[in-house]
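Text of my_file_1.pdb (PDB, C-alpha atoms and all ligand atoms) as supplied:
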```pdb
ATOM      1  CA  MET A 384     116.842 123.674 233.629  1.00  0.00           C
ATOM      2  CA  THR A 385     114.209 123.862 230.885  1.00  0.00           C
ATOM      3  CA  LYS A 386     113.755 121.175 228.297  1.00  0.00           C
ATOM      4  CA  GLU A 387     111.279 120.579 225.517  1.00  0.00           C
ATOM      5  CA  LEU A 388     109.999 117.266 224.286  1.00  0.00           C
ATOM      6  CA  THR A 389     107.142 115.924 222.225  1.00  0.00           C
ATOM      7  CA  CYS A 390     104.590 113.818 224.053  1.00  0.00           C
ATOM      8  CA  ILE A 391     104.247 110.479 222.226  1.00  0.00           C
ATOM      9  CA  ILE A 392     101.320 109.110 224.232  1.00  0.00           C
ATOM     10  CA  CYS A 393      98.734 110.041 221.570  1.00  0.00           C
ATOM     11  CA  PRO A 394      98.817 111.330 217.972  1.00  0.00           C
ATOM     12  CA  ARG A 395      98.231 114.946 219.022  1.00  0.00           C
ATOM     13  CA  GLY A 396     101.944 115.217 219.869  1.00  0.00           C
ATOM     14  CA  CYS A 397     101.855 118.137 222.321  1.00  0.00           C
ATOM     15  CA  THR A 398     105.112 120.022 222.783  1.00  0.00           C
ATOM     16  CA  LEU A 399     105.893 119.843 226.488  1.00  0.00           C
ATOM     17  CA  LYS A 400     107.993 122.432 228.280  1.00  0.00           C
ATOM     18  CA  ILE A 401     109.526 120.905 231.379  1.00  0.00           C
ATOM     19  CA  GLU A 402     111.232 122.754 234.207  1.00  0.00           C
ATOM     20  CA  THR A 403     113.581 120.471 236.137  1.00  0.00           C
ATOM     21  CA  GLU A 404     115.936 120.765 239.051  1.00  0.00           C
ATOM     22  CA  GLY A 405     118.265 117.792 239.078  1.00  0.00           C
ATOM     23  CA  LYS A 406     115.999 114.788 238.554  1.00  0.00           C
ATOM     24  CA  THR A 407     112.993 116.601 240.039  1.00  0.00           C
ATOM     25  CA  VAL A 408     110.274 117.910 237.708  1.00  0.00           C
ATOM     26  CA  ARG A 409     109.183 121.377 238.904  1.00  0.00           C
ATOM     27  CA  SER A 410     106.544 122.100 236.251  1.00  0.00           C
ATOM     28  CA  VAL A 411     105.160 120.916 232.938  1.00  0.00           C
ATOM     29  CA  SER A 412     103.302 123.080 230.417  1.00  0.00           C
ATOM     30  CA  GLY A 413     102.023 122.629 226.870  1.00  0.00           C
ATOM     31  CA  ASN A 414     100.187 119.397 227.714  1.00  0.00           C
ATOM     32  CA  ALA A 415      96.547 119.161 226.614  1.00  0.00           C
ATOM     33  CA  CYS A 416      95.769 116.459 229.190  1.00  0.00           C
ATOM     34  CA  PRO A 417      97.201 115.019 232.452  1.00  0.00           C
ATOM     35  CA  ARG A 418      98.854 112.097 230.640  1.00  0.00           C
ATOM     36  CA  GLY A 419     101.397 114.587 229.289  1.00  0.00           C
ATOM     37  CA  ILE A 420     102.507 115.409 232.816  1.00  0.00           C
ATOM     38  CA  ARG A 421     102.978 111.731 233.659  1.00  0.00           C
ATOM     39  CA  TYR A 422     104.889 111.198 230.398  1.00  0.00           C
ATOM     40  CA  ALA A 423     107.168 114.191 231.104  1.00  0.00           C
ATOM     41  CA  GLU A 424     107.887 112.949 234.626  1.00  0.00           C
ATOM     42  CA  SER A 425     108.618 109.436 233.380  1.00  0.00           C
ATOM     43  CA  GLU A 426     110.947 110.746 230.660  1.00  0.00           C
ATOM     44  CA  CYS A 427     112.897 112.857 233.136  1.00  0.00           C
ATOM     45  CA  ILE A 428     113.082 110.339 235.972  1.00  0.00           C
ATOM     46  CA  ALA A 429     113.002 106.823 234.458  1.00  0.00           C
ATOM     47  CA  PRO A 430     112.359 106.711 230.697  1.00  0.00           C
ATOM     48  CA  VAL A 431     110.908 103.461 229.343  1.00  0.00           C
ATOM     49  CA  ARG A 432     110.204 102.123 225.863  1.00  0.00           C
ATOM     50  CA  THR A 433     108.338  99.222 224.296  1.00  0.00           C
ATOM     51  CA  VAL A 434     110.842  97.607 221.920  1.00  0.00           C
ATOM     52  CA  THR A 435     109.708  96.349 218.497  1.00  0.00           C
ATOM     53  CA  THR A 436     112.144  94.509 216.259  1.00  0.00           C
ATOM     54  CA  THR A 437     112.590  91.194 214.427  1.00  0.00           C
ATOM     55  CA  MET A 438     114.118  87.854 215.397  1.00  0.00           C
ATOM     56  CA  ARG A 439     115.751  85.291 213.112  1.00  0.00           C
ATOM     57  CA  CYS A 440     113.785  82.014 212.788  1.00  0.00           C
ATOM     58  CA  LYS A 441     115.219  78.518 212.447  1.00  0.00           C
ATOM     59  CA  ASP A 442     114.565  78.631 208.663  1.00  0.00           C
ATOM     60  CA  GLY A 443     116.245  82.041 208.190  1.00  0.00           C
ATOM     61  CA  ARG A 444     113.079  84.154 207.954  1.00  0.00           C
ATOM     62  CA  LEU A 445     112.480  87.059 210.339  1.00  0.00           C
ATOM     63  CA  VAL A 446     109.554  87.119 212.751  1.00  0.00           C
ATOM     64  CA  PRO A 447     108.373  90.499 214.089  1.00  0.00           C
ATOM     65  CA  VAL A 448     108.583  90.665 217.884  1.00  0.00           C
ATOM     66  CA  LYS A 449     107.984  93.173 220.655  1.00  0.00           C
ATOM     67  CA  THR A 450     108.376  93.449 224.390  1.00  0.00           C
ATOM     68  CA  ASP A 451     105.095  92.813 226.212  1.00  0.00           C
ATOM     69  CA  ARG A 452     105.648  95.920 228.343  1.00  0.00           C
ATOM     70  CA  PRO A 453     107.915  98.953 228.338  1.00  0.00           C
ATOM     71  CA  ILE A 454     111.455  98.418 229.631  1.00  0.00           C
ATOM     72  CA  PRO A 455     114.000 100.915 230.950  1.00  0.00           C
ATOM     73  CA  LYS A 456     115.497 102.816 228.025  1.00  0.00           C
ATOM     74  CA  GLU A 457     118.994 101.998 229.332  1.00  0.00           C
ATOM     75  CA  SER A 458     118.293  98.243 228.858  1.00  0.00           C
ATOM     76  CA  MET A 459     117.283  98.510 225.198  1.00  0.00           C
ATOM     77  CA  MET A 460     120.706  97.805 223.660  1.00  0.00           C
ATOM     78  CA  ALA A 461     121.291  94.743 225.873  1.00  0.00           C
ATOM     79  CA  LEU A 462     117.826  93.425 225.006  1.00  0.00           C
ATOM     80  CA  MET A 463     118.509  93.954 221.282  1.00  0.00           C
ATOM     81  CA  ALA A 464     121.781  92.020 221.573  1.00  0.00           C
ATOM     82  CA  LEU A 465     119.903  89.142 223.209  1.00  0.00           C
ATOM     83  CA  VAL A 466     117.206  89.151 220.505  1.00  0.00           C
ATOM     84  CA  ASN A 467     119.871  89.191 217.780  1.00  0.00           C
ATOM     85  CA  ALA A 468     121.627  86.211 219.386  1.00  0.00           C
ATOM     86  CA  THR A 469     118.412  84.152 219.634  1.00  0.00           C
ATOM     87  CA  ILE A 470     117.002  81.818 216.958  1.00  0.00           C
ATOM     88  CA  ALA A 471     113.225  81.422 217.181  1.00  0.00           C
ATOM     89  CA  PRO A 472     111.881  77.852 216.961  1.00  0.00           C
ATOM     90  CA  LEU A 473     109.109  77.067 214.457  1.00  0.00           C
ATOM     91  CA  PRO A 474     106.148  77.037 214.217  1.00  0.00           C
ATOM     92  CA  ILE A 475     105.275  80.337 215.894  1.00  0.00           C
ATOM     93  CA  THR A 476     101.851  81.698 216.819  1.00  0.00           C
ATOM     94  CA  ALA A 477     101.388  85.435 217.396  1.00  0.00           C
ATOM     95  CA  GLY A 478     101.645  85.996 221.139  1.00  0.00           C
ATOM     96  CA  ASP A 479     104.144  83.174 221.748  1.00  0.00           C
ATOM     97  CA  ILE A 480     106.832  84.116 224.260  1.00  0.00           C
ATOM     98  CA  LEU A 481     110.183  83.727 222.468  1.00  0.00           C
ATOM     99  CA  ILE A 482     112.357  85.085 225.298  1.00  0.00           C
ATOM    100  CA  LYS A 483     110.974  84.880 228.827  1.00  0.00           C
ATOM    101  CA  ASP A 484     111.539  87.246 231.733  1.00  0.00           C
ATOM    102  CA  VAL A 485     114.357  89.536 230.601  1.00  0.00           C
ATOM    103  CA  TYR A 486     114.768  93.162 231.725  1.00  0.00           C
ATOM    104  CA  GLY A 487     111.311  92.984 233.306  1.00  0.00           C
ATOM    105  CA  CYS A 488     109.499  91.807 230.181  1.00  0.00           C
ATOM    106  CA  ASN A 489     108.884  88.928 227.804  1.00  0.00           C
ATOM    107  CA  VAL A 490     109.714  89.133 224.098  1.00  0.00           C
ATOM    108  CA  VAL A 491     106.672  87.952 222.141  1.00  0.00           C
ATOM    109  CA  ALA A 492     105.987  87.179 218.480  1.00  0.00           C
ATOM    110  CA  THR A 493     103.513  89.479 216.742  1.00  0.00           C
ATOM    111  CA  LYS A 494     102.919  87.240 213.689  1.00  0.00           C
ATOM    112  CA  ASP A 495     102.281  83.575 212.911  1.00  0.00           C
ATOM    113  CA  MET A 496     105.185  81.890 211.119  1.00  0.00           C
TER     114      MET A 496
HETATM  115  S1  LIG B 501      99.596 115.676 226.514  1.00  0.00           S
HETATM  116 FE1  LIG B 501      97.737 114.432 226.287  1.00  0.00          FE
HETATM  117  S2  LIG B 501      96.792 115.207 224.401  1.00  0.00           S
HETATM  118 FE2  LIG B 501      98.925 115.917 224.388  1.00  0.00          FE
HETATM  119  S3  LIG B 501     100.035 114.324 223.201  1.00  0.00           S
HETATM  120 FE3  LIG B 501     100.185 113.802 225.392  1.00  0.00          FE
HETATM  121  S4  LIG B 501      98.514 112.376 225.741  1.00  0.00           S
HETATM  122 FE4  LIG B 501      98.074 113.449 223.825  1.00  0.00          FE
END
```
Any chance you could put this one into structure tokens?
Amino acid sequence: MTKELTCIICPRGCTLKIETEGKTVRSVSGNACPRGIRYAESECIAPVRTVTTTMRCKDGRLVPVKTDRPIPKESMMALMALVNATIAPLPITAGDILIKDVYGCNVVATKDM
């Protein structure tokens, strides 16, 4: 099977052509550097994403948050539900862990509040 995807590792955005057989990557072309091959393999075998979103604070404002590492794409919706159900305590310093050790990551604040 052949599929095409855009590499999102750097702003160049190479169009990758990937030949797969089941979950095995047979070849990758269109990449301008080796990171494109690793990205293509990861996307085909076990896609991951860093999640950025907002969390409600105790006073009703929203604090921007992100996962401190990429998580499996299939866990994103469950993580979002957990973030939406959580109220962040105040005060907050950028880098504070607001949810610890979920889906292989921590959810951290990216702004002081
Ligand atoms: S293949 Fe390399 S150069 Fe192309 S977008 Fe990916 S990281 Fe950037």
Under the rule of at most 7 Å, produce a per-residue listing of chain A near ligand LIG 501 (chain B): chain, number, name, the closest pair of atoms, and the distance in Å, as CSV, using only C-alpha atoms and all ligand atoms.
```
residue,atom,partner,partner_atom,distance
A:Cys390,CA,B:LIG501,FE3,4.6
A:Ile391,CA,B:LIG501,S3,5.8
A:Ile392,CA,B:LIG501,S4,4.6
A:Cys393,CA,B:LIG501,FE4,4.1
A:Pro394,CA,B:LIG501,S3,6.1
A:Arg395,CA,B:LIG501,S3,4.6
A:Gly396,CA,B:LIG501,S3,3.9
A:Cys397,CA,B:LIG501,FE2,4.2
A:Asn414,CA,B:LIG501,S1,4.0
A:Ala415,CA,B:LIG501,S2,4.5
A:Cys416,CA,B:LIG501,FE1,4.1
A:Pro417,CA,B:LIG501,FE1,6.2
A:Arg418,CA,B:LIG501,S4,4.9
A:Gly419,CA,B:LIG501,S1,3.5
A:Ile420,CA,B:LIG501,S1,6.9
```
#### Entry: For CA of Lys449 (chain A) and CA of Lys483 (chain A), the interatomic separation in Å (one decimal)
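A separation of 12.0 Å between them.
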#### Entry: Contacts of Val491 (chain A) at 9 Å (all atoms listed in the file; same-chain gap of 5+ positions) as a count of residues only
12
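Ranking A:Arg432, A:Lys386, A:Arg439, A:Arg452 by their shortest atom-to-atom distance to Val485 (chain A), with all atoms listed in the file included, puts A:Arg452 first.
With only C-alpha atoms taken into account, the protein and nucleic acid residues at most 7 Å from Ile454 (chain A) (excluding it and anything under 5 positions from it in its own chain) are Val431, Arg432, Thr433, Tyr486, Gly487 and Cys488 of chain A.
For the pair CA of Lys441 (chain A) and CA of Asn467 (chain A), the interatomic distance is 12.8 Å.
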Box for region 472-490 of chain A - axis-aligned, 6 Å on each of the six sides, all listed atoms - centre and size in Å to one decimal, as AutoDock Vina command-line options.
```
--center_x 108.1 --center_y 85.1 --center_z 223.8 --size_x 25.4 --size_y 28.1 --size_z 31.1
```
### Task
Grab the CA of Met459 (chain A) to CA of Arg409 (chain A) distance for me, in Å with one decimal place.
27.9 Å
### Task
Using the chain letters and numbers from the file, give me the residues hit by the PyMOL selection byres (((chain A and resi 445) around 12) and not hetatm), as an NGL selection string.
:A and (436-444 or 446-448 or 466-467 or 469-473 or 475 or 492-496)
### Message
Using the chain letters and numbers from this file, what does the PyMOL selection byres (((chain A and resi 423) around 9) and not hetatm) select? Give the answer as a PyMOL selection string.
### Response
chain A and resi 388+390+399-401+408+411+418-422+424-428
#### Entry: Nearest to Val434 (chain A), chosen from A:Ser458, A:Thr403, A:Thr389, A:Ser412, with all atoms listed in the file counted in the distances
A:Ser458
### Query
Between A:Leu465, A:Thr476, A:Pro430, A:Gly413, which has the minimum distance to Thr398 (chain A) (counting all atoms listed in the file)?
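Smallest separation from Thr398 (chain A) among the options: A:Gly413.
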